[in-house]
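Trainee: The structure file upload.cif (mmCIF, C-alpha atoms) is provided below.
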```cif
data_run
loop_
_atom_site.label_atom_id
_atom_site.label_comp_id
_atom_site.auth_asym_id
_atom_site.auth_seq_id
_atom_site.Cartn_x
_atom_site.Cartn_y
_atom_site.Cartn_z
CA MET A 1 -98.53 -12.24 -77.69
CA GLU A 2 -98.89 -15.48 -79.51
CA GLU A 3 -95.83 -16.68 -81.41
CA GLU A 4 -96.95 -17.31 -84.95
CA GLU A 5 -95.32 -17.53 -88.36
CA ASP A 6 -96.09 -14.45 -90.43
CA THR A 7 -96.02 -16.49 -93.61
CA VAL A 8 -99.11 -18.49 -92.65
CA LYS A 9 -102.12 -16.97 -94.35
CA GLU A 10 -105.56 -16.72 -92.82
CA GLY A 11 -107.53 -19.87 -93.50
CA LEU A 12 -107.80 -23.40 -92.23
CA MET A 13 -104.07 -24.09 -92.30
CA ALA A 14 -102.43 -23.93 -88.87
CA SER A 15 -99.09 -22.34 -88.13
CA PRO A 16 -96.33 -24.88 -87.44
CA ARG A 17 -96.07 -23.30 -84.00
CA GLU A 18 -99.67 -24.36 -83.29
CA ILE A 19 -99.03 -28.00 -84.24
CA PHE A 20 -97.92 -30.07 -81.25
CA SER A 21 -96.12 -32.73 -83.26
CA ILE A 22 -93.90 -30.02 -84.81
CA SER A 23 -93.43 -27.52 -81.97
CA GLY A 24 -94.38 -29.35 -78.77
CA PRO A 25 -92.07 -31.22 -76.36
CA ILE A 26 -92.79 -34.65 -77.86
CA HIS A 27 -89.73 -36.03 -76.02
CA LEU A 28 -91.59 -35.78 -72.68
CA THR A 29 -93.31 -39.15 -72.94
CA SER A 30 -93.31 -39.58 -69.15
CA ILE A 31 -93.78 -36.74 -66.67
CA ASP A 32 -91.77 -36.56 -63.46
CA TRP A 33 -93.71 -34.08 -61.33
CA ASN A 34 -90.61 -33.51 -59.17
CA ASN A 35 -88.76 -32.22 -62.23
CA SER A 36 -89.15 -28.44 -62.58
CA TYR A 37 -88.53 -28.55 -66.36
CA HIS A 38 -91.32 -31.13 -66.73
CA ARG A 39 -93.77 -29.06 -64.65
CA THR A 40 -92.83 -25.92 -66.57
CA SER A 41 -93.33 -27.70 -69.89
CA VAL A 42 -96.77 -29.00 -68.91
CA ALA A 43 -97.92 -25.58 -67.63
CA SER A 44 -96.63 -23.68 -70.67
CA CYS A 45 -98.09 -26.22 -73.12
CA LEU A 46 -101.50 -25.90 -71.50
CA VAL A 47 -101.26 -22.13 -72.01
CA GLN A 48 -100.37 -22.80 -75.65
CA ALA A 49 -103.45 -25.03 -75.79
CA VAL A 50 -105.60 -22.00 -74.95
CA TYR A 51 -103.92 -19.95 -77.70
CA THR A 52 -104.61 -22.76 -80.15
CA LEU A 53 -108.21 -23.20 -78.97
CA GLU A 54 -108.86 -19.57 -79.86
CA ARG A 55 -107.06 -19.88 -83.22
CA ASP A 56 -109.07 -23.03 -84.00
CA ARG A 57 -112.20 -20.98 -83.30
CA GLN A 58 -111.07 -18.01 -85.37
CA GLN A 59 -110.14 -20.16 -88.37
CA ASN A 60 -113.10 -22.50 -87.96
CA ARG A 61 -110.79 -25.50 -87.62
CA ILE A 62 -112.97 -28.37 -86.45
CA GLY A 63 -112.69 -32.14 -86.48
CA LEU A 64 -109.41 -33.41 -87.91
CA LYS A 65 -108.29 -29.86 -88.68
CA SER A 66 -108.41 -28.75 -85.02
CA GLN A 67 -105.01 -28.56 -83.32
CA ALA A 68 -105.63 -27.56 -79.71
CA HIS A 69 -106.51 -30.94 -78.20
CA HIS A 70 -103.05 -32.39 -78.88
CA TRP A 71 -101.52 -29.88 -76.45
CA TRP A 72 -103.41 -31.30 -73.45
CA GLU A 73 -104.07 -34.90 -74.45
CA PHE A 74 -100.34 -35.63 -74.75
CA PHE A 75 -100.00 -34.98 -70.99
CA ASN A 76 -103.15 -36.95 -70.04
CA PHE A 77 -105.36 -33.92 -69.45
CA THR A 78 -108.95 -33.38 -70.56
CA LEU A 79 -110.67 -30.07 -71.34
CA ALA A 80 -113.10 -29.53 -68.46
CA GLU A 81 -114.24 -25.99 -69.28
CA THR A 82 -113.61 -23.33 -71.91
CA LEU A 83 -113.56 -19.72 -70.69
CA ILE A 84 -115.24 -17.22 -73.01
CA ASP A 85 -114.84 -13.44 -72.91
CA GLN A 86 -118.32 -11.88 -72.88
CA SER A 87 -117.16 -8.82 -74.83
CA ASP A 88 -115.94 -10.48 -78.03
CA GLY A 89 -116.75 -14.17 -77.67
CA SER A 90 -113.08 -15.15 -77.73
CA ILE A 91 -111.62 -18.06 -75.77
CA TYR A 92 -109.25 -16.53 -73.21
CA GLY A 93 -108.73 -19.46 -70.86
CA ALA A 94 -109.53 -23.06 -70.05
CA VAL A 95 -109.80 -25.47 -67.15
CA PHE A 96 -107.88 -28.71 -67.74
CA GLN A 97 -108.34 -31.83 -65.62
CA TYR A 98 -105.61 -34.43 -65.08
CA LYS A 99 -106.93 -37.91 -65.86
CA LEU A 100 -104.39 -39.75 -63.68
CA PHE A 101 -104.92 -37.65 -60.54
CA SER A 102 -105.27 -39.48 -57.23
CA TYR A 103 -106.10 -38.06 -53.82
CA ASN A 104 -103.67 -40.61 -52.38
CA TYR A 105 -100.74 -38.41 -53.44
CA HIS A 106 -98.74 -37.00 -50.53
CA ASN A 107 -97.20 -33.60 -51.19
CA THR A 108 -93.94 -33.15 -49.26
CA PRO A 109 -91.03 -30.73 -49.64
CA TYR A 110 -89.26 -33.48 -51.59
CA SER A 111 -92.18 -34.81 -53.59
CA LYS A 112 -94.46 -32.72 -55.80
CA THR A 113 -97.93 -33.95 -56.66
CA PRO A 114 -99.63 -33.34 -60.00
CA PRO A 115 -102.62 -30.99 -60.08
CA LEU A 116 -106.20 -32.11 -60.53
CA HIS A 117 -106.99 -28.88 -62.38
CA VAL A 118 -104.83 -26.43 -64.27
CA ILE A 119 -106.56 -23.15 -65.11
CA ALA A 120 -104.64 -21.53 -67.97
CA PHE A 121 -104.89 -18.10 -69.61
CA ARG A 122 -103.55 -16.95 -72.96
CA GLY A 123 -102.03 -13.59 -73.80
CA THR A 124 -102.78 -11.14 -76.60
CA ILE A 125 -103.55 -12.50 -80.07
CA MET A 126 -102.99 -9.83 -82.70
CA LYS A 127 -105.72 -11.04 -85.06
CA PRO A 128 -108.93 -9.16 -86.00
CA HIS A 129 -111.21 -11.46 -83.96
CA SER A 130 -109.46 -10.78 -80.65
CA ARG A 131 -107.01 -7.89 -81.08
CA SER A 132 -109.24 -5.01 -79.98
CA ARG A 133 -110.41 -6.59 -76.72
CA ASP A 134 -106.96 -7.96 -75.83
CA LEU A 135 -105.27 -4.58 -76.38
CA ARG A 136 -107.83 -2.84 -74.17
CA LEU A 137 -107.00 -5.32 -71.42
CA ASP A 138 -103.27 -4.74 -71.99
CA LEU A 139 -103.92 -1.06 -71.25
CA ARG A 140 -105.76 -2.06 -68.09
CA CYS A 141 -102.61 -3.90 -66.96
CA ILE A 142 -100.62 -0.69 -67.40
CA ARG A 143 -103.26 1.31 -65.51
CA ASP A 144 -103.60 -1.32 -62.74
CA SER A 145 -107.31 -1.72 -63.44
CA LEU A 146 -107.41 -5.29 -64.75
CA HIS A 147 -109.49 -6.30 -61.71
CA ASP A 148 -112.47 -4.28 -63.02
CA SER A 149 -112.65 -6.09 -66.38
CA THR A 150 -115.41 -8.61 -67.09
CA ARG A 151 -112.73 -11.10 -68.21
CA PHE A 152 -110.98 -11.02 -64.85
CA VAL A 153 -114.21 -11.07 -62.84
CA HIS A 154 -115.22 -14.21 -64.73
CA ALA A 155 -111.76 -15.78 -64.31
CA ILE A 156 -111.64 -15.30 -60.54
CA GLU A 157 -115.12 -16.82 -60.16
CA VAL A 158 -114.01 -19.90 -62.11
CA ILE A 159 -110.92 -20.19 -59.89
CA LYS A 160 -112.93 -19.85 -56.68
CA THR A 161 -115.36 -22.53 -57.87
CA ALA A 162 -112.53 -24.95 -58.65
CA VAL A 163 -110.89 -24.35 -55.26
CA ALA A 164 -114.21 -24.79 -53.45
CA LYS A 165 -114.68 -28.17 -55.13
CA THR A 166 -111.20 -29.66 -54.80
CA GLY A 167 -109.16 -27.52 -52.39
CA ASN A 168 -106.36 -25.12 -53.28
CA ALA A 169 -103.58 -27.76 -53.24
CA ALA A 170 -105.10 -29.48 -56.28
CA VAL A 171 -105.35 -26.35 -58.46
CA TRP A 172 -102.63 -24.69 -60.54
CA LEU A 173 -102.80 -21.37 -62.36
CA ALA A 174 -100.79 -20.69 -65.52
CA GLY A 175 -100.67 -17.76 -67.91
CA HIS A 176 -98.57 -16.01 -70.52
CA SER A 177 -98.22 -12.23 -70.98
CA LEU A 178 -101.73 -10.77 -70.47
CA GLY A 179 -102.75 -14.22 -69.24
CA ALA A 180 -99.89 -14.16 -66.72
CA ALA A 181 -101.25 -10.85 -65.42
CA VAL A 182 -104.67 -12.49 -64.93
CA ALA A 183 -103.10 -15.48 -63.16
CA LEU A 184 -100.85 -13.29 -60.98
CA LEU A 185 -103.67 -11.00 -59.87
CA ALA A 186 -105.90 -14.00 -59.15
CA GLY A 187 -103.09 -15.71 -57.27
CA LYS A 188 -102.55 -12.69 -55.05
CA ILE A 189 -106.26 -12.40 -54.26
CA MET A 190 -106.59 -16.10 -53.48
CA THR A 191 -103.47 -16.05 -51.27
CA ARG A 192 -104.80 -13.10 -49.27
CA SER A 193 -108.03 -15.04 -48.84
CA GLY A 194 -106.09 -17.95 -47.34
CA PHE A 195 -105.99 -20.18 -50.44
CA PRO A 196 -102.50 -19.98 -52.01
CA LEU A 197 -102.24 -21.64 -55.42
CA GLU A 198 -99.28 -22.98 -57.37
CA CYS A 199 -98.82 -20.41 -60.11
CA TYR A 200 -96.77 -20.42 -63.34
CA LEU A 201 -96.30 -16.95 -64.82
CA PHE A 202 -94.67 -16.75 -68.25
CA ASN A 203 -93.44 -13.30 -69.41
CA PRO A 204 -95.74 -11.38 -67.02
CA PRO A 205 -96.04 -7.66 -67.80
CA PHE A 206 -94.26 -5.27 -65.44
CA SER A 207 -96.31 -2.06 -65.24
CA SER A 208 -93.42 0.37 -64.90
CA ILE A 209 -90.53 1.81 -66.93
CA PRO A 210 -88.32 -1.11 -68.16
CA ILE A 211 -85.04 0.21 -66.71
CA GLU A 212 -83.47 -3.24 -67.10
CA LYS A 213 -83.85 -3.01 -70.89
CA LEU A 214 -83.38 0.73 -71.42
CA VAL A 215 -80.31 1.37 -69.25
CA LYS A 216 -77.11 -0.53 -70.09
CA SER A 217 -74.83 0.61 -67.24
CA GLU A 218 -75.29 -1.47 -64.06
CA LYS A 219 -74.18 1.48 -61.90
CA LEU A 220 -76.68 3.79 -63.56
CA LYS A 221 -79.46 1.20 -63.16
CA HIS A 222 -78.73 0.96 -59.44
CA GLY A 223 -78.57 4.75 -59.14
CA VAL A 224 -81.95 5.22 -60.82
CA ARG A 225 -83.57 2.51 -58.69
CA PHE A 226 -81.92 3.74 -55.48
CA ALA A 227 -83.31 7.23 -56.09
CA GLY A 228 -86.72 5.71 -56.81
CA SER A 229 -86.67 3.77 -53.54
CA LEU A 230 -85.76 6.89 -51.58
CA VAL A 231 -88.62 8.84 -53.16
CA LYS A 232 -91.16 6.04 -52.65
CA ALA A 233 -90.14 5.48 -49.03
CA GLY A 234 -90.29 9.22 -48.30
CA VAL A 235 -93.68 9.70 -49.92
CA ALA A 236 -95.03 6.54 -48.23
CA ILE A 237 -93.98 7.76 -44.79
CA ALA A 238 -95.54 11.18 -45.45
CA VAL A 239 -98.80 9.79 -46.86
CA LYS A 240 -99.22 7.02 -44.32
CA GLY A 241 -98.42 9.42 -41.51
CA ARG A 242 -101.67 11.16 -42.45
CA HIS A 243 -103.50 7.82 -42.69
CA HIS A 244 -101.87 6.10 -39.75
CA HIS A 245 -104.94 4.00 -38.94
CA ASN A 246 -104.57 2.12 -42.25
CA LYS A 247 -100.83 1.43 -42.05
CA GLY A 248 -100.97 -1.81 -40.07
CA GLN A 249 -103.74 -3.16 -42.29
CA GLU A 250 -101.76 -2.40 -45.46
CA ASP A 251 -98.52 -3.94 -44.14
CA ASP A 252 -100.39 -7.05 -43.01
CA SER A 253 -101.97 -7.38 -46.47
CA PHE A 254 -98.55 -7.23 -48.14
CA MET A 255 -97.04 -9.73 -45.71
CA LYS A 256 -99.85 -12.21 -46.38
CA LEU A 257 -98.19 -12.66 -49.78
CA ALA A 258 -94.65 -13.20 -48.44
CA SER A 259 -94.96 -16.97 -48.00
CA TRP A 260 -96.59 -17.42 -51.44
CA ILE A 261 -93.88 -18.11 -54.01
CA PRO A 262 -95.15 -18.14 -57.62
CA TYR A 263 -92.97 -19.39 -60.47
CA LEU A 264 -91.88 -16.40 -62.56
CA TYR A 265 -90.41 -16.87 -66.06
CA VAL A 266 -88.67 -13.89 -67.64
CA ASN A 267 -86.41 -13.17 -70.59
CA PRO A 268 -83.92 -10.27 -70.22
CA LEU A 269 -84.47 -9.36 -73.89
CA ASP A 270 -88.23 -8.98 -73.41
CA PRO A 271 -89.04 -5.39 -72.34
CA ILE A 272 -92.51 -6.45 -71.20
CA CYS A 273 -91.23 -8.62 -68.35
CA SER A 274 -87.47 -7.97 -67.98
CA GLU A 275 -87.87 -5.35 -65.24
CA TYR A 276 -88.75 -8.14 -62.79
CA ILE A 277 -85.05 -9.04 -62.92
CA GLY A 278 -84.07 -5.53 -61.85
CA TYR A 279 -86.91 -5.31 -59.32
CA PHE A 280 -85.65 -8.28 -57.31
CA ASN A 281 -81.92 -7.63 -57.88
CA HIS A 282 -82.31 -4.06 -56.64
CA ARG A 283 -84.09 -5.22 -53.49
CA ASN A 284 -81.21 -7.59 -52.72
CA LYS A 285 -78.69 -4.83 -53.41
CA MET A 286 -80.42 -2.44 -51.02
CA PHE A 287 -80.15 -4.98 -48.21
CA GLU A 288 -76.48 -5.61 -49.06
CA ILE A 289 -75.58 -1.92 -48.73
CA GLY A 290 -77.46 -1.53 -45.45
CA ALA A 291 -80.51 0.25 -46.87
CA GLY A 292 -82.88 -2.57 -46.01
CA LYS A 293 -85.20 -0.38 -43.92
CA ILE A 294 -85.75 1.98 -46.85
CA GLU A 295 -86.35 -0.89 -49.25
CA ARG A 296 -88.82 -2.64 -46.92
CA ILE A 297 -91.01 0.45 -47.20
CA ALA A 298 -90.34 1.11 -50.90
CA THR A 299 -91.01 -2.45 -52.12
CA ARG A 300 -94.49 -2.45 -50.57
CA ASN A 301 -95.56 0.71 -52.36
CA SER A 302 -96.26 2.17 -55.77
CA LEU A 303 -95.49 5.84 -56.33
CA ARG A 304 -98.47 6.14 -58.67
CA SER A 305 -100.84 4.78 -56.00
CA LEU A 306 -99.32 6.98 -53.30
CA LEU A 307 -99.67 10.16 -55.34
CA SER A 308 -103.19 9.31 -56.47
CA GLY A 309 -104.31 9.08 -52.87
CA GLY A 310 -104.68 5.30 -52.75
CA GLY A 311 -102.36 4.92 -49.81
CA GLY A 312 -99.72 3.37 -52.03
CA GLY A 313 -99.81 -0.13 -50.76
CA SER A 314 -102.23 -2.97 -50.63
CA SER A 315 -105.16 -2.40 -48.38
CA CYS A 316 -107.36 -5.37 -47.64
CA SER A 317 -110.39 -3.61 -49.06
CA ASP A 318 -108.81 -2.81 -52.42
CA SER A 319 -105.82 -5.10 -52.80
CA SER A 320 -106.70 -5.93 -56.40
CA SER A 321 -105.96 -2.42 -57.72
CA GLU A 322 -102.31 -2.35 -56.64
CA PRO A 323 -99.59 -2.70 -59.29
CA LEU A 324 -99.09 -6.34 -60.19
CA HIS A 325 -95.33 -6.18 -59.70
CA LEU A 326 -95.61 -5.52 -55.95
CA LEU A 327 -94.57 -9.09 -55.26
CA PRO A 328 -92.71 -10.12 -52.08
CA SER A 329 -91.40 -13.51 -53.23
CA ALA A 330 -90.87 -15.56 -56.39
CA TYR A 331 -89.03 -18.50 -57.88
CA MET A 332 -87.53 -16.74 -60.89
CA THR A 333 -86.35 -18.53 -64.03
CA ILE A 334 -84.33 -16.31 -66.38
CA ASN A 335 -83.78 -17.46 -69.95
CA THR A 336 -80.06 -16.92 -70.54
CA SER A 337 -80.21 -18.06 -74.17
CA LYS A 338 -79.91 -15.31 -76.75
CA SER A 339 -83.36 -14.88 -78.29
CA PRO A 340 -83.03 -13.66 -81.90
CA ASP A 341 -85.92 -11.18 -81.75
CA PHE A 342 -88.73 -9.82 -79.58
CA LYS A 343 -91.22 -12.41 -80.83
CA ARG A 344 -89.04 -15.24 -79.54
CA ALA A 345 -88.01 -13.39 -76.35
CA HIS A 346 -91.66 -12.82 -75.44
CA GLY A 347 -93.03 -16.10 -76.79
CA ILE A 348 -94.33 -19.09 -74.84
CA HIS A 349 -92.42 -21.74 -76.82
CA GLN A 350 -89.05 -20.92 -75.22
CA TRP A 351 -90.12 -22.38 -71.88
CA TRP A 352 -90.36 -26.01 -73.03
CA ASP A 353 -87.40 -25.89 -75.42
CA PRO A 354 -85.22 -28.98 -74.65
CA MET A 355 -82.12 -26.84 -75.30
CA PHE A 356 -83.25 -24.27 -72.73
CA SER A 357 -80.48 -22.60 -70.75
CA GLY A 358 -81.51 -20.66 -67.69
CA GLU A 359 -80.69 -19.15 -64.33
CA TYR A 360 -82.84 -20.09 -61.34
CA ILE A 361 -83.17 -17.78 -58.34
CA LEU A 362 -85.35 -17.91 -55.24
CA HIS A 363 -86.32 -14.43 -54.05
CA GLN A 364 -87.95 -14.50 -50.64
CA PHE A 365 -89.03 -11.41 -48.76
CA ASN A 366 -87.80 -10.99 -45.20
CA GLN A 367 -89.56 -8.64 -42.80
#
```
Let's see the structure in the file written out as structure tokens.
Mentor:
Amino acid sequence: MEEEEDTVKEGLMASPREIFSISGPIHLTSIDWNNSYHRTSVASCLVQAVYTLERDRQQNRIGLKSQAHHWWEFFNFTLAETLIDQSDGSIYGAVFQYKLFSYNYHNTPYSKTPPLHVIAFRGTIMKPHSRSRDLRLDLRCIRDSLHDSTRFVHAIEVIKTAVAKTGNAAVWLAGHSLGAAVALLAGKIMTRSGFPLECYLFNPPFSSIPIEKLVKSEKLKHGVRFAGSLVKAGVAIAVKGRHHHNKGQEDDSFMKLASWIPYLYVNPLDPICSEYIGYFNHRNKMFEIGAGKIERIATRNSLRSLLSGGGGGSSCSDSSSEPLHLLPSAYMTINTSKSPDFKRAHGIHQWWDPMFSGEYILHQFNQ
């Protein structure tokens, strides 16, 4: 959801959190693309730009009253394309182009190049002009059916067009909340097609019970997850035993994602995304205690998909309908600052805060 001051009334006046000069990282006057905080700030601000584009539209803020352009112009980007949802006419995303891009850049393990295009997606805006459509898409995330929505179908076509024009190395994806779900699903599809994209996912929704937030005892958390892994592995073996001809295809589809490492940004106080912390920690724990074989099977499968007859994992023919959180690898950034409330814990502004305190973990899947 968009972070916004409740005291701001509907009208032309913008929330302070929409005004770049008040809430943006104005200290970043020069971007070092090798600096992860700088890259994170640029990606998250471009997502905020999409939020503000839609709020400018809703409040009819044009000309000098518009606020969105400051969020991309500060970083030397231009607005190349605005993405409109056919259902309600809302702006859900945008394609930004970097004005200083050069094809002479050389991307090495020690030197990151800036993107030519960043395709960014906003999350839910709880305002009358967009609330109904956004909430319906939030439900699709829970039901693992986001891929069927007209918004996602449009988004993936825009992404494919950009990659066809410039190559996948020059394109970034970024999204927050619902927008992170769109970016994550698109990233998985593009990776399986042989075009992995750099992807920045802020507070992505985890479509399962948030054990990390609901259960306080670490031992109990591990016990619940251990039991879940046993059940998933057992059901997967039983189901895939009956569909043995698909097993190799499904495993290959999952492993195609293993080398793709998106940037994942989560806050432990945000129940929407916090379970990613437990998801990856549990997988590491299972390998530590010698239950790696069980976890290799469990982490590739969703119990809901297995029981519904979908085979549980990610078949090449229908990889888009799997649960979003079936993710082999990720660079995870955990905000270790104490957010005062849910709005701040789930908000986009935390990720460019100059006082940010975080934990950084690389989770990489091993066969």
Trainee: I need the residue nearest Tyr360 of chain A from this list: A:Val266, A:Pro114, A:Tyr279, A:Ile19. Use only C-alpha atoms for the distance.
Mentor: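 Comparing A:Val266, A:Pro114, A:Tyr279, A:Ile19 against Tyr360 of chain A, the winner is A:Val266.
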Trainee: To verify the selection step, state as a PDB file with C-alpha atoms, in the frame of the given file which residues the PyMOL selection byres ((chain A and resi 123-133) around 10) yields on this input.
Mentor:
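Contents of selection.pdb, freshly written:
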```pdb
ATOM      1  CA  MET A   1     -98.530 -12.240 -77.690  1.00  0.00           C
ATOM      2  CA  GLU A   2     -98.890 -15.480 -79.510  1.00  0.00           C
ATOM      3  CA  GLU A   3     -95.830 -16.680 -81.410  1.00  0.00           C
ATOM      4  CA  GLU A   4     -96.950 -17.310 -84.950  1.00  0.00           C
ATOM      5  CA  GLU A  10    -105.560 -16.720 -92.820  1.00  0.00           C
ATOM      6  CA  VAL A  47    -101.260 -22.130 -72.010  1.00  0.00           C
ATOM      7  CA  GLN A  48    -100.370 -22.800 -75.650  1.00  0.00           C
ATOM      8  CA  VAL A  50    -105.600 -22.000 -74.950  1.00  0.00           C
ATOM      9  CA  TYR A  51    -103.920 -19.950 -77.700  1.00  0.00           C
ATOM     10  CA  GLU A  54    -108.860 -19.570 -79.860  1.00  0.00           C
ATOM     11  CA  ARG A  55    -107.060 -19.880 -83.220  1.00  0.00           C
ATOM     12  CA  ARG A  57    -112.200 -20.980 -83.300  1.00  0.00           C
ATOM     13  CA  GLN A  58    -111.070 -18.010 -85.370  1.00  0.00           C
ATOM     14  CA  GLN A  59    -110.140 -20.160 -88.370  1.00  0.00           C
ATOM     15  CA  ASP A  85    -114.840 -13.440 -72.910  1.00  0.00           C
ATOM     16  CA  SER A  87    -117.160  -8.820 -74.830  1.00  0.00           C
ATOM     17  CA  ASP A  88    -115.940 -10.480 -78.030  1.00  0.00           C
ATOM     18  CA  GLY A  89    -116.750 -14.170 -77.670  1.00  0.00           C
ATOM     19  CA  SER A  90    -113.080 -15.150 -77.730  1.00  0.00           C
ATOM     20  CA  ILE A  91    -111.620 -18.060 -75.770  1.00  0.00           C
ATOM     21  CA  TYR A  92    -109.250 -16.530 -73.210  1.00  0.00           C
ATOM     22  CA  GLY A  93    -108.730 -19.460 -70.860  1.00  0.00           C
ATOM     23  CA  PHE A 121    -104.890 -18.100 -69.610  1.00  0.00           C
ATOM     24  CA  ARG A 122    -103.550 -16.950 -72.960  1.00  0.00           C
ATOM     25  CA  ASP A 134    -106.960  -7.960 -75.830  1.00  0.00           C
ATOM     26  CA  LEU A 135    -105.270  -4.580 -76.380  1.00  0.00           C
ATOM     27  CA  ARG A 136    -107.830  -2.840 -74.170  1.00  0.00           C
ATOM     28  CA  LEU A 137    -107.000  -5.320 -71.420  1.00  0.00           C
ATOM     29  CA  ASP A 138    -103.270  -4.740 -71.990  1.00  0.00           C
ATOM     30  CA  ARG A 151    -112.730 -11.100 -68.210  1.00  0.00           C
ATOM     31  CA  GLY A 175    -100.670 -17.760 -67.910  1.00  0.00           C
ATOM     32  CA  HIS A 176     -98.570 -16.010 -70.520  1.00  0.00           C
ATOM     33  CA  SER A 177     -98.220 -12.230 -70.980  1.00  0.00           C
ATOM     34  CA  LEU A 178    -101.730 -10.770 -70.470  1.00  0.00           C
ATOM     35  CA  GLY A 179    -102.750 -14.220 -69.240  1.00  0.00           C
ATOM     36  CA  ALA A 180     -99.890 -14.160 -66.720  1.00  0.00           C
ATOM     37  CA  ALA A 181    -101.250 -10.850 -65.420  1.00  0.00           C
ATOM     38  CA  VAL A 182    -104.670 -12.490 -64.930  1.00  0.00           C
ATOM     39  CA  PHE A 202     -94.670 -16.750 -68.250  1.00  0.00           C
ATOM     40  CA  ASN A 203     -93.440 -13.300 -69.410  1.00  0.00           C
ATOM     41  CA  PRO A 204     -95.740 -11.380 -67.020  1.00  0.00           C
ATOM     42  CA  GLY A 347     -93.030 -16.100 -76.790  1.00  0.00           C
ATOM     43  CA  ILE A 348     -94.330 -19.090 -74.840  1.00  0.00           C
TER      44      ILE A 348
END
```
Trainee: Record the distance separating atom CA of Val95 of chain A and atom CA of Ile22 of chain A, expressed in Å with one decimal.
Mentor: 24.2 Å
Trainee: Rank A:Ser357, A:Ser207, A:Asn281, A:Ser193 by their smallest atom-to-atom distance to Val163 of chain A, using all atoms listed in the file, and report the top residue only.
Mentor: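 Ranking A:Ser357, A:Ser207, A:Asn281, A:Ser193 by distance to Val163 of chain A, first place goes to A:Ser193.
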Trainee: Which one is closest to Asn34 of chain A: A:Val153, A:Leu326, A:Ala80, A:Thr113? Count only C-alpha atoms.
Mentor: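 Ranking A:Val153, A:Leu326, A:Ala80, A:Thr113 by distance to Asn34 of chain A, first place goes to A:Thr113.
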Trainee: Tell me which residues the PyMOL selection byres ((chain A and resi 264) around 9) grabs here, as a PyMOL selection string.
Mentor: chain A and resi 199-204+261-263+265-266+276+330-334
Trainee: Mind pulling up the distance from atom CA of Lys112 of chain A to atom CA of Trp351 of chain A?
Mentor: 19.6 Å
Trainee: Which centre and edge lengths in Å to one decimal define the box along x, y and z that fits every listed atom of segment 332-340 of chain A plus 8 Å per side, as AutoDock Vina command-line options?
Mentor:
```
--center_x -83.7 --center_y -16.1 --center_z -71.4 --size_x 23.6 --size_y 20.9 --size_z 37.0
```
Trainee: Using Å and a single decimal, report how far atom CA of Pro205 of chain A sits from atom CA of Cys273 of chain A.
Mentor: 4.9 Å
Trainee: Name the closest residue to Ala14 of chain A among the candidates A:Cys45, A:Leu64, A:Leu28, A:His154; distances are taken between atoms, counting all atoms listed in the file.
Mentor: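 Closest residue, counting all atoms listed in the file: A:Leu64.
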Trainee: On this structure, which residues satisfy the PyMOL selection byres ((chain A and resi 159) around 9), written as a VMD selection string?
Mentor: chain A and resid 119 154 to 158 160 to 164 171 173 186 190
Trainee: In the coordinate frame of the file, compute which residues have an atom within 8 Å of (-86.2, -6.1, -74.8) when using all atoms listed in the file, and state them as a list in words.
Mentor: Lys213, Pro268, Leu269, Asp270, Pro271, Ile272, Ser274, Phe342 and Ala345 of chain A
Trainee: Now that the selection is made, can you save its residues with C-alpha atoms as a PDB file, in the coordinates of the input?
Mentor:
```pdb
ATOM      1  CA  LYS A 213     -83.850  -3.010 -70.890  1.00  0.00           C
ATOM      2  CA  PRO A 268     -83.920 -10.270 -70.220  1.00  0.00           C
ATOM      3  CA  LEU A 269     -84.470  -9.360 -73.890  1.00  0.00           C
ATOM      4  CA  ASP A 270     -88.230  -8.980 -73.410  1.00  0.00           C
ATOM      5  CA  PRO A 271     -89.040  -5.390 -72.340  1.00  0.00           C
ATOM      6  CA  ILE A 272     -92.510  -6.450 -71.200  1.00  0.00           C
ATOM      7  CA  SER A 274     -87.470  -7.970 -67.980  1.00  0.00           C
ATOM      8  CA  PHE A 342     -88.730  -9.820 -79.580  1.00  0.00           C
ATOM      9  CA  ALA A 345     -88.010 -13.390 -76.350  1.00  0.00           C
TER      10      ALA A 345
END
```
Trainee: Using all atoms listed in the file, give me every residue within 9 Å of (-103.7, -6.2, -64.5) in file coordinates, as a PyMOL selection string.
Mentor: chain A and resi 137-147+152+178+181-182+184-185+205+207+320-324
Trainee: Please dump the current selection as an mmCIF file, in the coordinates of the input; keep C-alpha atoms.
Mentor:
```
data_model
loop_
_atom_site.group_PDB
_atom_site.id
_atom_site.type_symbol
_atom_site.label_atom_id
_atom_site.label_comp_id
_atom_site.auth_asym_id
_atom_site.auth_seq_id
_atom_site.Cartn_x
_atom_site.Cartn_y
_atom_site.Cartn_z
ATOM 1 C CA LEU A 137 -107.000 -5.320 -71.420
ATOM 2 C CA ASP A 138 -103.270 -4.740 -71.990
ATOM 3 C CA LEU A 139 -103.920 -1.060 -71.250
ATOM 4 C CA ARG A 140 -105.760 -2.060 -68.090
ATOM 5 C CA CYS A 141 -102.610 -3.900 -66.960
ATOM 6 C CA ILE A 142 -100.620 -0.690 -67.400
ATOM 7 C CA ARG A 143 -103.260 1.310 -65.510
ATOM 8 C CA ASP A 144 -103.600 -1.320 -62.740
ATOM 9 C CA SER A 145 -107.310 -1.720 -63.440
ATOM 10 C CA LEU A 146 -107.410 -5.290 -64.750
ATOM 11 C CA HIS A 147 -109.490 -6.300 -61.710
ATOM 12 C CA PHE A 152 -110.980 -11.020 -64.850
ATOM 13 C CA LEU A 178 -101.730 -10.770 -70.470
ATOM 14 C CA ALA A 181 -101.250 -10.850 -65.420
ATOM 15 C CA VAL A 182 -104.670 -12.490 -64.930
ATOM 16 C CA LEU A 184 -100.850 -13.290 -60.980
ATOM 17 C CA LEU A 185 -103.670 -11.000 -59.870
ATOM 18 C CA PRO A 205 -96.040 -7.660 -67.800
ATOM 19 C CA SER A 207 -96.310 -2.060 -65.240
ATOM 20 C CA SER A 320 -106.700 -5.930 -56.400
ATOM 21 C CA SER A 321 -105.960 -2.420 -57.720
ATOM 22 C CA GLU A 322 -102.310 -2.350 -56.640
ATOM 23 C CA PRO A 323 -99.590 -2.700 -59.290
ATOM 24 C CA LEU A 324 -99.090 -6.340 -60.190
#
```
